[in-house]
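Structure record follows, encoded as structure tokens.
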Amino acid sequence: MSNNISRRSFVKRSTAATAGVGLLSSNLLSSCAKIGDKKRPNILFIFPDQYRKQSLGFLNCDPVLTPNIDKLASEGVHFTNAVSNHPLCSPFRGMLFTGKYPLSNGVQSNCHSGRTEYGNFLKSDEVCLSDVLKDAGYATGYLGKWHLDGPTPTKPGEPKIWDSYCPPGPHRHGFEFWYSYGTHNRHNHPYYWVNDAKENERTDVNEWSPEHEANVMIDYLENKDGEFRDENKPFFMCWGINPPHTPFTEVPARYKKRFEGMTNEDLLNRPNVQTHFSEFNKESGFGDSGVEKKLDQAKDYFACVEGVDDQVGRVLDVLDKQGLKDDTIVIFCSDHGEMLGSHGLMHKNVWYNESYEIPFIVSWPKNIQPGEDNLLLSVPDIMPTLLAYLGLEDKIPEGVEGQDYSAVFNGEDFKRPDAALYFFDKPEEENEKRRGVKTHEYTYVIAYDRKNQKHVFLYDDINDPYQMTNIAGQKPDVEKELHMKLEKLLHETKDYFISYI
Ligand code: CA
């Protein structure tokens, strides 16, 4: 494989990606019966932060090489239409672990000290995926970025606190092995609280966090002298890798090398990329601004992506060498994407594909036939789907709002969702709030801006895959149908926003 990226290869990749739109398959999968009483498989759940779907190398969209993730996908199922219903760190994690939407689990926006008084954190009495798996006999572990606790509120005038210590006990929700922090973006100088360490006993490290964590994960998998887990139990190990989250610049030089001298024009092949934050976005507050200054980091974002792939590959190699591959379901996803200049925006939160769609790969070659599936998978569906697949459907906690789609792995017919919710809210703000739906054909969003002005967005995702033209008002029948789907989702999730549509 060539290490050089040429402009021509970008164009080719971009064309291939466009041509692939709309050709998604479904119902490709068939596999063994449910797991039931046999020894359950291990689960290795890997989710880098802000890793956009377009940066899966095998999709030939972004100019990245991700051979390890590509291999994982080729041996597993790539869910082509998985979404992050609220494309932001803490809300994703809240939905993932509780199987509930943000208004039901209280993690409405990112956890920081200014939101703790609104209950914007994961409560200790929620029954999480990890609680259920521990009770079902799993050895459990959490490695990396957690970002689900509420830091102690600060006094007026004092700066906000983002990070927080998660003490051993109910706030860790059944996770036994613990090598984690709340949130910080010190990729080159991370710190962690390890197992029973007290708040003043954190471990500081001078190593790129994905590399350091891969080393920890390798130790966990090798489990010399049974130091990390009980070998007689299957394990559930979660790895919340922080990169390619900002700051993109904090990535080892060896990963930057391949992109040296590359410009944004060389690297950003999506036709919806704009190098200026629009007046409309400035006025409305939609999206994270600063694209003018930040776009020069595109090369570093891609370097982070390739570095993450490399570290994930080290771990997957060890999983194989240790003879664990046959007994382990590997799930790879991300909490949201990265706009990287598309629509003149950086980062996440918005409804556009670059932010809202996520990678989602489930790989267990021994039992799950590889392929791709266009299931419109929402984050709260992950918990009930996984539990049911493991034969633990009767342990799905009451109040879970996600649906069990485990039939997708068993070759059974099942009712597929026809819409996924888009959600944006801040508990401390009256005005800024948005809801929407994504179907296989359209994206439809009702958004209230900073000044409480209402805006409607509608995109034809088949004929306009880069969402270049807002066609709200131009297709009344389509809009009416999408409006009804949104209404239904809001009704099901008891969302107050129903009175705003
Ligand atoms: Ca995030």
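In the structure tokens, chains take letters A, B, ... by order of appearance, with residues numbered from 1 within each chain and ligands from 1 in the order shown.
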Per residue of chain A within 10 Å of ligand 1, which atom pair is closest and at what distance in Å (one decimal), using only C-alpha atoms and all ligand atoms, listed by chain and increasing number, as a Markdown table?
```
| residue | atom | partner | partner_atom_place_in_ligand_line | distance |
| --- | --- | --- | --- | --- |
| A:Phe47 | CA | ligand 1 | 1 (Ca) | 9.8 |
| A:Pro48 | CA | ligand 1 | 1 (Ca) | 8.3 |
| A:Asp49 | CA | ligand 1 | 1 (Ca) | 4.7 |
| A:Gln50 | CA | ligand 1 | 1 (Ca) | 5.2 |
| A:Tyr51 | CA | ligand 1 | 1 (Ca) | 8.7 |
| A:Pro87 | CA | ligand 1 | 1 (Ca) | 7.6 |
| A:Leu88 | CA | ligand 1 | 1 (Ca) | 5.1 |
| A:Cys89 | CA | ligand 1 | 1 (Ca) | 3.4 |
| A:Ser90 | CA | ligand 1 | 1 (Ca) | 7.2 |
| A:Pro91 | CA | ligand 1 | 1 (Ca) | 9.0 |
| A:Phe92 | CA | ligand 1 | 1 (Ca) | 7.9 |
| A:Arg93 | CA | ligand 1 | 1 (Ca) | 8.9 |
| A:Asn110 | CA | ligand 1 | 1 (Ca) | 8.9 |
| A:Lys145 | CA | ligand 1 | 1 (Ca) | 9.4 |
| A:His147 | CA | ligand 1 | 1 (Ca) | 9.2 |
| A:Thr183 | CA | ligand 1 | 1 (Ca) | 9.7 |
| A:Gly240 | CA | ligand 1 | 1 (Ca) | 9.7 |
| A:Ile241 | CA | ligand 1 | 1 (Ca) | 9.8 |
| A:Asn242 | CA | ligand 1 | 1 (Ca) | 7.8 |
| A:Pro243 | CA | ligand 1 | 1 (Ca) | 9.3 |
| A:Pro244 | CA | ligand 1 | 1 (Ca) | 9.3 |
| A:His245 | CA | ligand 1 | 1 (Ca) | 6.7 |
| A:Thr246 | CA | ligand 1 | 1 (Ca) | 9.3 |
| A:Ser334 | CA | ligand 1 | 1 (Ca) | 8.0 |
| A:Asp335 | CA | ligand 1 | 1 (Ca) | 5.5 |
| A:His336 | CA | ligand 1 | 1 (Ca) | 6.2 |
| A:Gly337 | CA | ligand 1 | 1 (Ca) | 8.2 |
| A:Glu338 | CA | ligand 1 | 1 (Ca) | 9.3 |
| A:His347 | CA | ligand 1 | 1 (Ca) | 9.2 |
| A:Lys348 | CA | ligand 1 | 1 (Ca) | 8.1 |
| A:Asn349 | CA | ligand 1 | 1 (Ca) | 9.5 |
```
Do you know which residues are at most 9 Å from A:His173 counting only C-alpha atoms, after dropping those on the same chain fewer than 3 positions away, and could you put them as a PyMOL selection string?
chain A and resi 124-131+169-170+176
Would you save the residues from that selection as a PDB file, in the first residue's frame, using C-alpha atoms?
```pdb
ATOM      1  CA  SER A 124     -26.027   6.251  40.768  1.00  0.00           C
ATOM      2  CA  ASP A 125     -29.451   4.586  40.856  1.00  0.00           C
ATOM      3  CA  GLU A 126     -29.706   4.152  37.074  1.00  0.00           C
ATOM      4  CA  VAL A 127     -29.355   0.506  36.070  1.00  0.00           C
ATOM      5  CA  CYS A 128     -26.662   0.579  33.403  1.00  0.00           C
ATOM      6  CA  LEU A 129     -25.483  -1.934  30.829  1.00  0.00           C
ATOM      7  CA  SER A 130     -22.420  -2.526  32.983  1.00  0.00           C
ATOM      8  CA  ASP A 131     -24.550  -3.141  36.121  1.00  0.00           C
ATOM      9  CA  GLY A 169     -18.947   2.455  44.392  1.00  0.00           C
ATOM     10  CA  PRO A 170     -22.325   2.990  42.781  1.00  0.00           C
ATOM     11  CA  GLU A 176     -14.672  -3.241  38.556  1.00  0.00           C
TER      12      GLU A 176
END
```
Env of A:Phe497: 12 Å cut, atoms = only C-alpha atoms, seq-sep filter 2 positions within chain, self excluded. Answer as a PyMOL selection string.
chain A and resi 103+422-425+430-436+446-448+486-495+499-501
Fewer than 3 positions away in the same chain doesn't count, so skip those; otherwise give me all residues within 6 Å of stretch 305-310 of chain A, counting only C-alpha atoms, as a count of residues only.
6
Quick one: pick out all strand (DSSP E or B) residues within stretch 257-382 of chain A from a backbone DSSP run and write them as an MDAnalysis selection string.
chainID A and resid 273 288 328:333 342 346 357 360:363 368 371:373
Nearest to A:Thr140 among A:Arg254, A:Lys155, A:Lys233, A:Lys123, with distances taken over only C-alpha atoms: which residue is it?
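Distance minimum relative to A:Thr140 lands on A:Lys233.
Those residues that approach A:Asp460 to within 9 Å, counting only C-alpha atoms, are Glu441, Tyr442, Thr443, Asp464, Pro465, Gln467, Thr469, Asn470 and Ile471 of chain A; same-chain residues fewer than 4 positions away are not listed.
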Shell around A:Asp300 at 7 Å using only C-alpha atoms, local window under 4 positions removed, as a list of chain:residue names:
A:Phe248, A:Thr249, A:Lys256, A:Cys304
Pull N, CA and C atoms from the residues just selected and write them as a PDB file, in the first residue's frame.
```
ATOM      1  N   PHE A 248      -6.448  18.554  18.107  1.00  0.00           N
ATOM      2  CA  PHE A 248      -5.943  17.625  17.093  1.00  0.00           C
ATOM      3  C   PHE A 248      -4.413  17.642  17.007  1.00  0.00           C
ATOM      4  N   THR A 249      -3.836  18.770  17.432  1.00  0.00           N
ATOM      5  CA  THR A 249      -2.377  18.905  17.304  1.00  0.00           C
ATOM      6  C   THR A 249      -1.624  17.938  18.220  1.00  0.00           C
ATOM      7  N   LYS A 256       1.897  12.236  12.159  1.00  0.00           N
ATOM      8  CA  LYS A 256       1.715  13.471  11.373  1.00  0.00           C
ATOM      9  C   LYS A 256       2.480  13.396  10.050  1.00  0.00           C
ATOM     10  N   CYS A 304      -4.499  11.951  13.839  1.00  0.00           N
ATOM     11  CA  CYS A 304      -5.084  11.347  15.056  1.00  0.00           C
ATOM     12  C   CYS A 304      -5.861  10.077  14.695  1.00  0.00           C
TER      13      CYS A 304
END
```
Report the residues of stretch 337-474 of chain A whose backbone DSSP state falls under helix (DSSP H, G or I), written as an mmCIF file with C-alpha atoms, in the first residue's frame.
```cif
data_model
loop_
_atom_site.group_PDB
_atom_site.id
_atom_site.type_symbol
_atom_site.label_atom_id
_atom_site.label_comp_id
_atom_site.auth_asym_id
_atom_site.auth_seq_id
_atom_site.Cartn_x
_atom_site.Cartn_y
_atom_site.Cartn_z
ATOM 1 C CA ASN A 353 -24.182 13.732 8.585
ATOM 2 C CA GLU A 354 -20.564 14.551 9.442
ATOM 3 C CA SER A 355 -21.605 15.126 13.065
ATOM 4 C CA TYR A 356 -24.681 12.899 13.445
ATOM 5 C CA VAL A 379 -27.734 4.930 20.717
ATOM 6 C CA PRO A 380 -30.352 3.777 23.284
ATOM 7 C CA ASP A 381 -30.907 0.656 21.146
ATOM 8 C CA ILE A 382 -27.382 -0.604 21.802
ATOM 9 C CA MET A 383 -28.026 -1.745 25.384
ATOM 10 C CA PRO A 384 -31.233 -3.782 24.814
ATOM 11 C CA THR A 385 -29.878 -5.190 21.536
ATOM 12 C CA LEU A 386 -26.675 -6.383 23.140
ATOM 13 C CA LEU A 387 -28.375 -7.777 26.248
ATOM 14 C CA ALA A 388 -30.946 -9.660 24.185
ATOM 15 C CA TYR A 389 -28.267 -11.038 21.891
ATOM 16 C CA GLU A 393 -33.453 -10.049 27.364
ATOM 17 C CA ASP A 394 -35.255 -10.572 30.669
ATOM 18 C CA LYS A 395 -32.583 -8.423 32.338
ATOM 19 C CA ALA A 407 -32.726 -10.239 15.523
ATOM 20 C CA VAL A 408 -30.407 -8.511 13.068
ATOM 21 C CA PHE A 409 -27.692 -10.950 14.172
ATOM 22 C CA ASN A 410 -29.894 -14.021 14.065
#
```
What's the separation between atom CA of A:Ala139 and atom CA of A:Thr328, in Å to one decimal place?
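Going from atom CA of A:Ala139 over to atom CA of A:Thr328 covers 13.2 Å.
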Counting only C-alpha atoms, which of A:Gln369, A:Lys480, A:Lys224, A:Ala303 gets nearest to A:Glu260?
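Among the listed residues, A:Ala303 lies closest to A:Glu260.
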Could you name the residues that touch A:Met217 at 12 Å or less, counting only C-alpha atoms, but leaving out those on the same chain fewer than 2 positions away, as a PyMOL selection string?
chain A and resi 44-46+141-144+177-179+209-215+219-223+228-229+237-241+311-319
Nearest residue to A:Tyr101 from the set A:Ser406, A:Ser378, A:Gln453, A:Asn195 (distances using only C-alpha atoms):
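Of A:Ser406, A:Ser378, A:Gln453, A:Asn195, the one nearest A:Tyr101, counting only C-alpha atoms, is A:Ser378.
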Can you tell me how far atom CA of A:Arg258 sits from atom CA of A:Leu56, in Å to one decimal?
17.1 Å
